[in-house]
Amino acid sequence: MGAKVAVVYYSATGNVHTLAEAIAAGAADAGAEVRLRRVPELAPDTAVDANPAWRAHLDATRHVEVATHDDLIWADACAFGSPTRYGNIAAQLKQFIDTTGGLWAAGRLQDKAATAFTSAANPHGGNESTLLALYNTFYHWGAFIVPPGYTDPAIHAARGNPYGIAHPGAESAPSAATLAAARHQGHRLAVTAARLVGAVTAAR
């Protein structure tokens, strides 16, 4: 029985979007039904237009559906992706997360599998603290956190971050090794979620 996986992300210039696609592909390879969703852009046009890469990416991904609460309710597992902002979650993704209080209070987010991924300009630009900040949210939800750990050689090949895939954006687009690790992370999330769903079904 395949799991239902929602991959929810914010990306300014495209790196996190590329990681999100790889996470989604890995989950699909594991037999999951996948929804790839972006959160809305909050920055004013003046800020976006000041960076041509930002404007180009925003225009190029308008076809990606915008995340809603229904996507989280539907999902057995969630993967959240955000660029690093001063070692923390980007405001765009945080704003979406902050609207889920009603779902949390109603118990609609508990017992889901969850993982996270990120990108900062350099390898030590706050990647791990951003991932841990996302995991703080999952603790409050009562979710089961599914990090990649060192569960596949692909993680070592992608610089070995056990918390989640983290791409140094200053090195241009994510490498083949990084994308392979992201696919493994998505696959692992989907397999874990399917096991959780199966265990709940068996318990009934």
# chains A, B, ... in the order shown; residues from 1 in each chain; ligands from 1

call {"tool": "closest_atom_pairs", "arguments": {"of": "region 57-164 of chain A", "to": "region 14-31 of chain A", "cutoff": "8 Å", "atoms": "only C-alpha atoms", "output": "Markdown table"}}
result
| residue | atom | partner | partner_atom | distance |
| --- | --- | --- | --- | --- |
| A:His57 | CA | A:Gly14 | CA | 5.9 |
| A:Ala79 | CA | A:Ile23 | CA | 7.9 |
| A:Gly81 | CA | A:Val16 | CA | 6.4 |
| A:Ser82 | CA | A:Val16 | CA | 6.5 |
| A:Pro83 | CA | A:Val16 | CA | 6.5 |
| A:Phe117 | CA | A:Leu19 | CA | 7.7 |
| A:Thr118 | CA | A:Val16 | CA | 6.4 |
| A:Ser119 | CA | A:Val16 | CA | 6.3 |

call {"tool": "residues_around", "arguments": {"residues": "region 137-149 of chain A", "least_positions_apart": "3", "cutoff": "10 Å", "atoms": "only C-alpha atoms", "output": "PyMOL selection string"}}
result
chain A and resi 77-79+94+97-98+100-101+103-105+107-117+131-134+152+154-156+160-165+181-182+184-190+192-193+196

call {"tool": "select_by_dssp", "arguments": {"residues": "chain A", "states": "helix (DSSP H, G or I)", "output": "PyMOL selection string"}}
result
chain A and resi 15-29+45-49+52-60+69-74+91-98+101-105+127-141+153-157+169-171+176-203

call {"tool": "write_last_selection", "arguments": {"atoms": "C-alpha atoms", "output": "compact mmCIF listing (two decimals), in the first residue's frame"}}
result
# COMPACT_ATOMS: atom_id res chain seq x y z
CA ASN A 15 17.62 25.46 -5.82
CA VAL A 16 15.05 24.35 -3.24
CA HIS A 17 12.55 23.77 -6.06
CA THR A 18 15.02 21.41 -7.72
CA LEU A 19 15.54 19.56 -4.44
CA ALA A 20 11.77 19.36 -3.97
CA GLU A 21 11.36 17.74 -7.37
CA ALA A 22 14.02 15.15 -6.46
CA ILE A 23 12.37 14.43 -3.10
CA ALA A 24 9.04 13.99 -4.90
CA ALA A 25 10.60 11.68 -7.49
CA GLY A 26 12.13 9.51 -4.78
CA ALA A 27 8.79 9.23 -3.01
CA ALA A 28 7.06 8.31 -6.28
CA ASP A 29 9.71 5.65 -6.93
CA ASP A 45 7.72 42.94 -6.68
CA THR A 46 10.43 45.53 -6.12
CA ALA A 47 12.50 42.98 -4.19
CA VAL A 48 11.85 40.17 -6.65
CA ASP A 49 12.63 42.32 -9.67
CA PRO A 52 16.66 38.60 -12.19
CA ALA A 53 17.09 34.96 -11.09
CA TRP A 54 14.38 35.40 -8.47
CA ARG A 55 11.95 36.89 -11.00
CA ALA A 56 12.75 34.22 -13.59
CA HIS A 57 12.15 31.39 -11.14
CA LEU A 58 8.91 32.86 -9.82
CA ASP A 59 7.55 33.24 -13.35
CA ALA A 60 8.73 29.78 -14.41
CA HIS A 69 -4.31 22.85 4.40
CA ASP A 70 -6.11 20.15 2.45
CA ASP A 71 -2.75 18.92 1.16
CA LEU A 72 -1.54 18.39 4.73
CA ILE A 73 -4.75 16.66 5.79
CA TRP A 74 -4.58 14.40 2.73
CA ALA A 91 9.32 33.79 6.02
CA GLN A 92 7.25 32.48 3.12
CA LEU A 93 7.27 28.89 4.37
CA LYS A 94 7.03 29.94 8.01
CA GLN A 95 3.91 31.97 7.25
CA PHE A 96 2.23 28.90 5.76
CA ILE A 97 3.25 26.77 8.75
CA ASP A 98 1.93 29.42 11.13
CA GLY A 101 -2.64 26.02 14.26
CA GLY A 102 -6.24 24.92 13.80
CA LEU A 103 -5.18 21.66 12.16
CA TRP A 104 -2.70 21.02 14.98
CA ALA A 105 -5.30 21.76 17.67
CA ASN A 127 21.66 24.64 6.96
CA GLU A 128 21.48 22.38 10.00
CA SER A 129 19.82 24.99 12.21
CA THR A 130 17.18 25.55 9.54
CA LEU A 131 16.44 21.82 9.37
CA LEU A 132 16.28 21.59 13.16
CA ALA A 133 13.92 24.57 13.25
CA LEU A 134 11.58 22.75 10.88
CA TYR A 135 11.83 19.64 13.04
CA ASN A 136 10.78 21.72 16.05
CA THR A 137 7.46 22.24 14.28
CA PHE A 138 7.09 18.51 13.67
CA TYR A 139 7.65 17.82 17.37
CA HIS A 140 4.68 20.03 18.18
CA TRP A 141 2.56 18.28 15.59
CA PRO A 153 25.95 5.81 0.38
CA ALA A 154 24.25 8.69 -1.46
CA ILE A 155 24.22 10.69 1.77
CA HIS A 156 28.00 10.52 2.12
CA ALA A 157 28.42 11.40 -1.56
CA GLY A 169 23.63 27.51 -3.44
CA ALA A 170 26.79 29.45 -4.25
CA GLU A 171 27.91 26.38 -6.19
CA ALA A 176 23.88 14.84 -9.43
CA ALA A 177 25.14 13.52 -6.08
CA THR A 178 22.93 15.93 -4.16
CA LEU A 179 19.88 15.04 -6.23
CA ALA A 180 20.54 11.34 -5.71
CA ALA A 181 20.63 11.92 -1.95
CA ALA A 182 17.41 13.93 -2.15
CA ARG A 183 15.72 11.10 -4.04
CA HIS A 184 16.85 8.69 -1.34
CA GLN A 185 15.42 10.99 1.33
CA GLY A 186 12.06 11.11 -0.47
CA HIS A 187 12.09 7.34 -0.98
CA ARG A 188 12.87 6.74 2.70
CA LEU A 189 10.07 9.08 3.77
CA ALA A 190 7.54 7.30 1.55
CA VAL A 191 8.59 3.81 2.67
CA THR A 192 8.42 4.83 6.34
CA ALA A 193 5.00 6.43 5.86
CA ALA A 194 3.69 3.31 4.13
CA ARG A 195 4.85 1.21 7.06
CA LEU A 196 3.10 3.54 9.50
CA VAL A 197 -0.11 3.42 7.48
CA GLY A 198 0.11 -0.36 7.34
CA ALA A 199 0.66 -0.62 11.07
CA VAL A 200 -2.37 1.54 11.80
CA THR A 201 -4.50 -0.48 9.39
CA ALA A 202 -3.37 -3.75 10.98
CA ALA A 203 -4.14 -2.40 14.45

call {"tool": "closest_residue", "arguments": {"among": "A:Ala75, A:Thr84, A:Ile89, A:Thr99", "to": "Ala166 (chain A)", "atoms": "only C-alpha atoms"}}
result
A:Thr84

call {"tool": "select_by_dssp", "arguments": {"residues": "region 17-99 of chain A", "states": "strand (DSSP E or B)", "output": "list in words"}}
result
Glu33, Val34, Arg35, Leu36, Arg37, Arg38, Val66, Ala77, Cys78, Ala79, Phe80, Gly81, Ser82, Pro83, Thr84, Arg85, Asn88 and Ile89 of chain A

call {"tool": "residues_around", "arguments": {"residues": "Val39 (chain A)", "least_positions_apart": "3", "cutoff": "6 Å", "atoms": "only C-alpha atoms", "output": "list of chain:residue names"}}
result
A:Tyr10, A:Val66, A:Ala67

call {"tool": "write_last_selection", "arguments": {"atoms": "N, CA and C atoms", "output": "compact mmCIF listing (two decimals), in the first residue's frame"}}
result
# COMPACT_ATOMS: atom_id res chain seq x y z
N TYR A 10 9.33 26.39 -0.31
CA TYR A 10 9.50 27.74 -0.84
C TYR A 10 10.87 27.81 -1.49
N VAL A 66 -0.33 25.86 -5.47
CA VAL A 66 -0.04 26.46 -4.18
C VAL A 66 -0.54 25.55 -3.06
N ALA A 67 0.26 25.38 -2.04
CA ALA A 67 -0.08 24.51 -0.92
C ALA A 67 -1.30 25.02 -0.16

call {"tool": "atom_distance", "arguments": {"atom1": "CA of Pro123 (chain A)", "atom2": "CA of Thr151 (chain A)"}}
result
20.8 Å

call {"tool": "atom_distance", "arguments": {"atom1": "CA of Val34 (chain A)", "atom2": "CA of Asp76 (chain A)"}}
result
10.2 Å

call {"tool": "atom_distance", "arguments": {"atom1": "CA of Val8 (chain A)", "atom2": "CA of Arg62 (chain A)"}}
result
14.5 Å

call {"tool": "closest_residue", "arguments": {"among": "A:His124, A:Arg38, A:His167, A:His63", "to": "Tyr86 (chain A)", "atoms": "only C-alpha atoms"}}
result
A:His124

call {"tool": "closest_residue", "arguments": {"among": "A:Leu42, A:Val64, A:Leu36, A:Ala120", "to": "Gly87 (chain A)", "atoms": "only C-alpha atoms"}}
result
A:Ala120

call {"tool": "residues_around", "arguments": {"residues": "Glu33 (chain A)", "least_positions_apart": "6", "cutoff": "8 Å", "atoms": "only C-alpha atoms", "output": "list of chain:residue names"}}
result
A:Gly2, A:Ala3, A:Lys4, A:Val5, A:Ala27

call {"tool": "write_last_selection", "arguments": {"atoms": "N, CA and C atoms", "output": "PDB file, in the first residue's frame"}}
result
ATOM      1  N   GLY A   2       0.794   2.061  -1.032  1.00  0.00           N
ATOM      2  CA  GLY A   2       1.623   3.255  -1.123  1.00  0.00           C
ATOM      3  C   GLY A   2       1.112   4.363  -0.229  1.00  0.00           C
ATOM      4  N   ALA A   3       2.027   5.207   0.196  1.00  0.00           N
ATOM      5  CA  ALA A   3       1.670   6.338   1.040  1.00  0.00           C
ATOM      6  C   ALA A   3       1.293   7.542   0.186  1.00  0.00           C
ATOM      7  N   LYS A   4       0.704   8.533   0.835  1.00  0.00           N
ATOM      8  CA  LYS A   4       0.407   9.819   0.196  1.00  0.00           C
ATOM      9  C   LYS A   4       1.385  10.840   0.772  1.00  0.00           C
ATOM     10  N   VAL A   5       2.169  11.453  -0.105  1.00  0.00           N
ATOM     11  CA  VAL A   5       3.255  12.340   0.329  1.00  0.00           C
ATOM     12  C   VAL A   5       3.048  13.741  -0.241  1.00  0.00           C
ATOM     13  N   ALA A  27      10.000   9.739  -3.645  1.00  0.00           N
ATOM     14  CA  ALA A  27       8.786   9.225  -3.013  1.00  0.00           C
ATOM     15  C   ALA A  27       7.939   8.460  -4.019  1.00  0.00           C
TER      16      ALA A  27
END
